[in-house]
Each structure stands twice: as C-alpha cells, then as structure tokens.
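Visitor: Here it is, the structure in full.
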Amino acid sequence: MTRFPRTRSWVRFAGVAAAWILITFALATGTATADRVRTTKSTKVYKRTGEQSGVVAKVAAGKTLGVVARQGRWLKVRVNGRTGWVTQSSVVSLEARDVPRNTRRRPFVDGRSTRRGWSGGAPDDRVGADAVEGSGDGRDDDDGDGDETGRGSRADQDDDGDGGDRGDDDDGDGDDGDDGDDGDRGDDGDADALRMVTVTAAKAKLYPRMSRKAKPVLTVRRGAELIVLDEHESGKWIRVEDDEGAAGWIAADAVAEPGRKRKQRTIATSARLGFATVGGTFKSNAMVVAGANPPPDYGFGSTAISVAVGGELVMAYKQDYFLGAGLEYLGCVATPGIRYTSGMMAEDIGFKTHDLDARLLGGYDFHKRNGMTAWARLGYHYGAFSVSNLNNLAKLPAETFKGPTAGVALRIPRLAKKIGAEVALDAVYPGTRKQTAGIEDGTLDKAKAGTAELVGMYDWKGAWKLGAGYRLGYASTRWTGASARVTGATISKRTDLSHVVTVGLGRAF
C-alpha cells in the first residue's frame with residue numbers, strides 16, 4: 001500500500017500555511033510602510049518619544065511624511081533622510097484620500113434624486129446607467145475638468161506614489177526631494193533648519209525657569225552645541241536642549257550662534273576737545289615769615305583748554321583673550337594761567353601740561369551679549385609741566401614726571417542701545433620728578449600719581465562714535481633736604497589735582 005497520497009496532503013497543508021504566513025506578513029508590512037500622513041501645522045520631529053527628547057528636524061504645515069512605526073500617541077516617521085517621532089495630533093492620515101469618491105455633479109436620470117454618495121453606496125432609485133456604481137474611473141466626469149477621473153486634478157493627483165505629481169511625491173523615493181534619503185531638495189524650505197547655539201562661557205547652567213536663583217538642571221561647558229527651543233522676548237534668556245534631551249533656560253550672553261567669530265584685529269582711534277581745571281597745594285616745614293616770596297604754604301589753580309587723542313591696536317588671541325598696544329596723549333593749555341600776587345606786584349603765570357602714556361594691553365572676553373571685556377594695562381608715563389616765564393614771581397619751576405604704569409579697565413560696548421562705556425584706573429609708581437635747576441624744592445624723596453577715567457560712547461554713523469570723557473588726575477611728591485626755592489624748608493610736599501572733561505569723535509577700523 002502506497003503512502004504517497006498522505007505525503008502529498010501534508011506537503012499541500014504546509015505549503016498553504018507558509019503561503020498564508022507570507023501573505024499575512026506582506027500585508028502587514030505593506031500596510032505599515034504604505035501609511036502616509038501630512039502635517040497640519042509646523043511640527044517638530046523628535047529623536048525619541050516625548051517632548052523633552054532632542055529635535056531631529058522641524059517641518060512646515062502640509063509636509064507629507066511616511067510612517068515607519070506607531071507607539072501610543074506617537075508616530076515614527078521618515079523625513080529628509082532621517083527618522084524621528086511626531087505626535088498624532090500634529091498630523092492627519094492620507095489613507096482616506098485613497099478611497100475613490102463619486103462626486104457626481106448632475107441629477108440622476110429621470111430626475112428622481114440629486115443625492116451624491118460614496119462609491120458602493122448608490123441610491124436605490126437609480127435606474128439605467130445610474131445603477132453603475134462610481135468606480136472612480138473617470139466616466140462620470142462631464143465637465144472635462146479631470147476632477148472625476150479618479151486621479152484628481154494635476155494639483156491634487158498622484159497620492160498613490162506613481163510619480164505623476166513631480167512636486168508632491170509622497171512615496172518616499174526621493175523623486176521630489178521631499179521625503180527621500182537624498183535630502184530635502186524640492187520642498188522649497190518646508191523643513192526649517194534647526195537653530196543651534198554654542199556655549200561660549202567657560203561654564204553655563206541650564207535652569208528650569210528664567211532665574212539664576214533656581215536650582216540648575218544641568219551645567220554645560222564651552223563648546224557644547226544646544227538646540228534652541230524658545231527665546232524670551234527680552235532676549236536675555238533662551239530655552240535650549242542638549243543632545244541627551246535635557247532642556248532648560250540659559251542666559252543668552254553665555255551662548256552664541258554657530259559660526260560667530262571674534263574680530264581678529266581692531267584699530268580704534270579717538271580725538272576729543274574740552275576744558276580742565278588744574279591746581280594743587282604746597283606745604284613745607286619752613287617758618288612763616290611775613291613778606292616771604294614765595295610763601296612756605298600756598299595753593300594754586302587755573303582753568304585750561306584740553307585736547308585728548310589716542311589710538312590702539314588689539315588682536316584676538318585664542319578663545320577668550322586679546323593682546324594689544326595703545327598710545328594716549330592729553331594736553332592742557334592755561335592762559336592767562338595762575339594769578340600770583342606778591343606785595344604790590346601781580347603776575348599771570350601761563351603754563352602747559354603734556355601727558356603721554358604708552359601701554360601694552362591684555363584683555364579677557366566674558367562672551368556676554370553686551371561685549372564686556374576686562375583689561376590689564378602695563379606701560380610708561382611721561383608728563384611735562386612748562387611755564388611761560390621761568391623768571392616768574394612765584395619761582396614756579398618747569399617739571400617732568402616719569403614712571404612705569406599699571407592699570408585695569410572694563411569696557412562694555414553695548415551697555416544700552418547704541419551706548420557703550422569704559423572705566424579705567426592707572427597708577428604711576430615709582431615716579432620721578434625733575435625740576436628746573438636752581439629752583440628745586442629739595443631732593444626728591446618719592447613721587448607717585450594715578451588717574452581714573454570714564455568714557456561714554458554713542459554709535460553714530462557706521463564705525464564712527466561720539467565720545468565724552470572725564471579724567472581725574474592725582475599726583476603726590478615729597479622732597480627732603482634744603483629747598484632752593486622756599487627759604488628754610490627742609491621737608492616739602494606737593495599735591496596736584498586735575499579734572500578734565502572732553503567730547504569728540506572716535507572711529508574703529
């Protein structure tokens with residue numbers, strides 16, 4: 001007895017089962033890959049499910065996306081050669097559009113009804129040709145506009161991915177550059193590029209709200225790239241997210257747009273005119289004698305016309321620093337000068353002052369939005385005091401004052417809209433003061449000086465700036481030994497004080 005029939009039945013059963021499995025799998029995978037959705041608004045595509053995840057891309061409303069997978073309220077889609085997740089509430093399915101529709105535009109024959117329905121749902125009162133269901137084959141389109149062909153008009157057709165609609169190819173094959181792997185070449189900018197910022201501060205913190213008093217969510221270091229999620233209207237805070245999905249608010253002055261580079265070289269010049277008051281006091285241990293000339297103790301002062309010019313060259317160094325050099329000159333002319341009276345005689349003693357400062361500069365960039373930088377200044381000071389008449393009644397000598405300088409400065413180019421400021425402090429020590437031979441106040445014991453300066457700037461036209469400055473100058477000198485100018489003085493001390501106000505122009509190159 002042969003067993004072949006039984007063998008063939010098992011083979012037949014196995015073949016049918018395998019075919020059924022293959023068909024089921026094909027249908028399942030085919031359905032999954034064929035799903036397409038279209039965005040109803042500007043939509044973020046996330047790296048993972050959850051709004052706190054990183055953003056892969058942003059797409060505009062009307063963008064067609066291919067669905068890869070589903071998970072709860074999330075859809076995994078493919079866009080611009082990448083995959084990510086979108087919420088179902090931000091898209092609408094396109095599968096309903098594939099159902100052919102009878103959009104008949106004329107009454108049925110015999111005028112019994114004018115109802116229009118979906119395919120397969122023709123009214124019962126149809127007779128004759130109207131009994132034929134609308135299959136979407138185009139036979140019912142009487143107005144010749146192509147809307148009833150089942151393929152749609154040229155603007156709406158080809159949702160089935162046959163390539164007929166070159167401008168809206170939804171099959172994901174990249175023909176329109178819309179959803180294909182070869183990039184987004186044909187959507188005319190539907191997908192907005194992600195806005196990124198780079199951390200420029202040495203360390204920066206992400207806060208859960210716009211307050212530095214809040215407990216930080218995360219600390220990031222210089223060079224970290226962050227995705228911008230939102231920006232406060234004040235411009236002081238930006239909501240960002242790192243590549244691990246951590247999000248928070250960061251101070252805007254701690255980051256910069258990618259590609260922003262510091263200017264590698266800057267040449268700045270300025271010229272200002274103004275006025276000054278120059279004066280001081282002189283004291284000695286000489287005995288006060290009536291009619292003594294000059295007296296052992298006295299004060300002096302005068303107004304003067306002043307001019308201030310300067311320039312500096314600054315070069316960017318590495319990520320945070322600047323190196324440079326500067327030269328500054330301040331001159332004052334006093335006419336008629338100091339009024340001196342001795343007995344029945346009186347004289348106006350005119351004078352000039354010249355102050356020249358050469359400096360080396362080192363700056364640190366805080367990478368703040370206002371451009372704030374701190375500076376260290378090392379240099380040398382040369383000052384000169386000249387009188388119009390060396391044979392003056394007060395026996396005032398001509399002088400030179402020299403010495404090394406050290407100082408600091410703080411600059412804020414954008415303190416407010418179009419307004420910047422700079423404040424600087426400099427000291428001269430140890431200094432040397434040399435007087436006209438024969439009328440010295442003694443042997444120099446010590447000399448020191450210092451200046452404090454405040455400058456305001458206003459952005460005027462292009463690289464031109466309007467500037468106004470105030471400078472306070474101070475100098476102290478002590479002499480010992482016999483004075484050749486004041487009879488009987490062996491210890492003398494003089495204090496000089498000046499106030500200078502100037503306004504003018506500056507320009508950067």
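To be explicit about the labels: the chains of the structure tokens are called A, B, and onward in the order shown, and within each one the residues are counted from 1, while ligands get numbers from 1 in the order they are shown.
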Write out as a PyMOL selection string the residues lying within 10 Å of Glu225 (chain A), counting only C-alpha atoms and excluding same-chain residues fewer than 3 positions away.
Guide: chain A and resi 196-200+220-222+228+240-243+255-258
Visitor: Put those residues in a file: N, CA and C atoms, as a PDB file, in the first residue's frame.
Guide:
```
ATOM      1  N   MET A 196      20.730  76.436  16.248  1.00  0.00           N
ATOM      2  CA  MET A 196      21.663  75.937  17.234  1.00  0.00           C
ATOM      3  C   MET A 196      22.444  77.099  17.826  1.00  0.00           C
ATOM      4  N   VAL A 197      22.883  76.921  19.053  1.00  0.00           N
ATOM      5  CA  VAL A 197      23.779  77.878  19.693  1.00  0.00           C
ATOM      6  C   VAL A 197      24.928  77.101  20.317  1.00  0.00           C
ATOM      7  N   THR A 198      26.055  77.771  20.462  1.00  0.00           N
ATOM      8  CA  THR A 198      27.237  77.166  21.052  1.00  0.00           C
ATOM      9  C   THR A 198      27.587  77.891  22.340  1.00  0.00           C
ATOM     10  N   VAL A 199      27.890  77.139  23.373  1.00  0.00           N
ATOM     11  CA  VAL A 199      28.244  77.732  24.656  1.00  0.00           C
ATOM     12  C   VAL A 199      29.616  78.393  24.531  1.00  0.00           C
ATOM     13  N   THR A 200      29.683  79.681  24.865  1.00  0.00           N
ATOM     14  CA  THR A 200      30.943  80.424  24.781  1.00  0.00           C
ATOM     15  C   THR A 200      31.545  80.694  26.146  1.00  0.00           C
ATOM     16  N   VAL A 220      26.755  73.028  31.550  1.00  0.00           N
ATOM     17  CA  VAL A 220      27.408  72.719  30.279  1.00  0.00           C
ATOM     18  C   VAL A 220      28.689  73.540  30.169  1.00  0.00           C
ATOM     19  N   ARG A 221      29.611  73.043  29.387  1.00  0.00           N
ATOM     20  CA  ARG A 221      30.903  73.704  29.239  1.00  0.00           C
ATOM     21  C   ARG A 221      31.057  74.325  27.861  1.00  0.00           C
ATOM     22  N   ARG A 222      32.061  75.136  27.751  1.00  0.00           N
ATOM     23  CA  ARG A 222      32.311  75.834  26.492  1.00  0.00           C
ATOM     24  C   ARG A 222      32.429  74.846  25.341  1.00  0.00           C
ATOM     25  N   VAL A 228      17.937  75.270  20.087  1.00  0.00           N
ATOM     26  CA  VAL A 228      17.086  76.337  20.602  1.00  0.00           C
ATOM     27  C   VAL A 228      15.629  75.909  20.495  1.00  0.00           C
ATOM     28  N   VAL A 240      16.816  75.936  25.727  1.00  0.00           N
ATOM     29  CA  VAL A 240      17.628  75.063  24.886  1.00  0.00           C
ATOM     30  C   VAL A 240      17.508  73.625  25.362  1.00  0.00           C
ATOM     31  N   GLU A 241      18.060  72.740  24.539  1.00  0.00           N
ATOM     32  CA  GLU A 241      18.065  71.314  24.843  1.00  0.00           C
ATOM     33  C   GLU A 241      19.364  70.723  24.339  1.00  0.00           C
ATOM     34  N   ASP A 242      19.956  69.834  25.138  1.00  0.00           N
ATOM     35  CA  ASP A 242      21.186  69.186  24.688  1.00  0.00           C
ATOM     36  C   ASP A 242      20.857  67.893  23.967  1.00  0.00           C
ATOM     37  N   ASP A 243      21.875  67.197  23.474  1.00  0.00           N
ATOM     38  CA  ASP A 243      21.639  66.003  22.665  1.00  0.00           C
ATOM     39  C   ASP A 243      21.161  64.815  23.490  1.00  0.00           C
ATOM     40  N   VAL A 255      25.942  82.128  25.346  1.00  0.00           N
ATOM     41  CA  VAL A 255      25.979  81.350  24.108  1.00  0.00           C
ATOM     42  C   VAL A 255      26.092  82.292  22.921  1.00  0.00           C
ATOM     43  N   ALA A 256      26.382  81.710  21.778  1.00  0.00           N
ATOM     44  CA  ALA A 256      26.473  82.475  20.542  1.00  0.00           C
ATOM     45  C   ALA A 256      26.015  81.598  19.396  1.00  0.00           C
ATOM     46  N   GLU A 257      25.563  82.233  18.316  1.00  0.00           N
ATOM     47  CA  GLU A 257      25.170  81.493  17.133  1.00  0.00           C
ATOM     48  C   GLU A 257      26.397  80.821  16.530  1.00  0.00           C
ATOM     49  N   PRO A 258      26.255  79.616  15.975  1.00  0.00           N
ATOM     50  CA  PRO A 258      27.405  78.944  15.363  1.00  0.00           C
ATOM     51  C   PRO A 258      28.004  79.792  14.249  1.00  0.00           C
TER      52      PRO A 258
END
```
Visitor: Please provide the set of residues having any atom within 10 Å of Gly72 (chain A), restricted to only C-alpha atoms, with same-chain residues fewer than 3 positions apart removed, written as a JSON list (two decimals) with C-alpha atoms, in the first residue's frame.
Guide:
```json
[["chain", "number", "residue", "atom", "x", "y", "z"],
["A", 49, "THR", "CA", 9.01, 59.75, 22.06],
["A", 75, "LEU", "CA", 4.24, 58.00, 15.03],
["A", 87, "THR", "CA", 2.54, 63.26, 17.78],
["A", 88, "GLN", "CA", -0.62, 62.03, 16.08]]
```
Visitor: Neighbours of Arg272 (chain A) within 8 Å (only C-alpha atoms; same-chain residues fewer than 4 positions away dropped), as a PyMOL selection string?
Guide: chain A and resi 307-309+467-468+502-505
Visitor: Could you dump the residues just selected with N, CA and C atoms as an mmCIF file, in the first residue's frame?
Guide:
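Final output, out-v9.cif:
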```cif
data_model
loop_
_atom_site.group_PDB
_atom_site.id
_atom_site.type_symbol
_atom_site.label_atom_id
_atom_site.label_comp_id
_atom_site.auth_asym_id
_atom_site.auth_seq_id
_atom_site.Cartn_x
_atom_site.Cartn_y
_atom_site.Cartn_z
ATOM 1 N N VAL A 307 42.992 118.907 25.072
ATOM 2 C CA VAL A 307 42.800 118.062 23.903
ATOM 3 C C VAL A 307 43.305 116.667 24.238
ATOM 4 N N ALA A 308 42.537 115.660 23.833
ATOM 5 C CA ALA A 308 42.912 114.268 24.099
ATOM 6 C C ALA A 308 42.810 113.472 22.804
ATOM 7 N N VAL A 309 43.888 112.810 22.442
ATOM 8 C CA VAL A 309 43.893 111.952 21.260
ATOM 9 C C VAL A 309 44.508 110.615 21.656
ATOM 10 N N GLY A 467 31.971 110.489 21.490
ATOM 11 C CA GLY A 467 32.517 110.128 22.790
ATOM 12 C C GLY A 467 32.599 111.311 23.735
ATOM 13 N N ALA A 468 32.455 111.030 24.998
ATOM 14 C CA ALA A 468 32.618 112.037 26.047
ATOM 15 C C ALA A 468 33.394 111.392 27.181
ATOM 16 N N THR A 502 36.160 116.099 28.235
ATOM 17 C CA THR A 502 36.362 116.225 26.794
ATOM 18 C C THR A 502 35.198 115.566 26.043
ATOM 19 N N VAL A 503 34.944 116.048 24.839
ATOM 20 C CA VAL A 503 33.969 115.435 23.926
ATOM 21 C C VAL A 503 34.574 115.407 22.534
ATOM 22 N N GLY A 504 34.167 114.397 21.751
ATOM 23 C CA GLY A 504 34.734 114.303 20.401
ATOM 24 C C GLY A 504 34.254 113.085 19.650
ATOM 25 N N LEU A 505 35.086 112.613 18.730
ATOM 26 C CA LEU A 505 34.764 111.506 17.835
ATOM 27 C C LEU A 505 35.742 110.368 17.984
#
```
Visitor: Enter the distance from CA of Gln319 (chain A) to CA of Pro413 (chain A), in Å, rounded to one decimal.
Guide: 18.8 Å
Visitor: At a cut-off of 10 Å, using only C-alpha atoms, what residues contact Val77 (chain A)? Leave out same-chain residues fewer than 5 positions from it and give the result as an MDAnalysis selection string.
Guide: chainID A and resid 35:37 45:46 64:70 82:86 179
Visitor: Might you pull out every residue within 10 Å of Glu422 (chain A), with only C-alpha atoms counted and same-chain residues fewer than 6 positions away left off, and present them as a PyMOL selection string?
Guide: chain A and resi 372-374+409-413+415+453-457+469
Visitor: Between A:Asp357, A:Asp459, A:Gly362, A:Ile338, which has the minimum distance to Leu323 (chain A) (counting only C-alpha atoms)?
Guide: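 Checking each of A:Asp357, A:Asp459, A:Gly362, A:Ile338 against Leu323 (chain A), counting only C-alpha atoms, the winner is A:Gly362.
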Visitor: List as an NGL selection string the protein and nucleic acid residues near Lys41 (chain A), meaning an atom at most 7 Å away when only C-alpha atoms are counted, but skip any in the same chain fewer than 4 places from it.
Guide: :A and (60-61 or 90)
Visitor: Which parts of region 205-373 of chain A does DSSP call strand (DSSP E or B) when run on the backbone here, written out as an MDAnalysis selection string?
Guide: chainID A and resid 205:207 218:221 225:231 237:241 247:251 255:256 265:284 298:317 321:342 345:365 373
Visitor: Measure the distance from CA of Arg73 (chain A) to CA of Tyr207 (chain A) in Å and round it to one decimal.
Guide: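 Taking CA of Arg73 (chain A) and CA of Tyr207 (chain A), their separation equals 28.8 Å.
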Visitor: Pick out the residues sitting within 7 Å of Arg239 (chain A), and hand them over as a ChimeraX atom specification; count only C-alpha atoms, and ignore anything fewer than 4 positions along from it in its own chain.
Guide: /A:228-231,248-250
Visitor: Produce a file of the selected residues containing N, CA and C atoms, as a CSV table (one decimal), in the first residue's frame.
Guide:
```csv
chain,number,residue,atom,x,y,z
A,228,VAL,N,17.9,75.3,20.1
A,228,VAL,CA,17.1,76.3,20.6
A,228,VAL,C,15.6,75.9,20.5
A,229,LEU,N,14.9,75.9,21.6
A,229,LEU,CA,13.5,75.6,21.6
A,229,LEU,C,12.6,76.8,21.7
A,230,ASP,N,13.1,77.8,22.4
A,230,ASP,CA,12.3,79.1,22.6
A,230,ASP,C,13.3,80.2,23.0
A,231,GLU,N,12.8,81.4,22.8
A,231,GLU,CA,13.6,82.6,23.3
A,231,GLU,C,12.7,83.6,23.9
A,248,GLY,N,16.3,73.3,29.3
A,248,GLY,CA,16.2,74.4,30.4
A,248,GLY,C,16.5,75.7,29.8
A,249,TRP,N,16.5,76.7,30.6
A,249,TRP,CA,16.7,78.1,30.2
A,249,TRP,C,18.2,78.5,30.5
A,250,ILE,N,18.8,79.1,29.5
A,250,ILE,CA,20.2,79.5,29.7
A,250,ILE,C,20.3,81.0,29.3
```
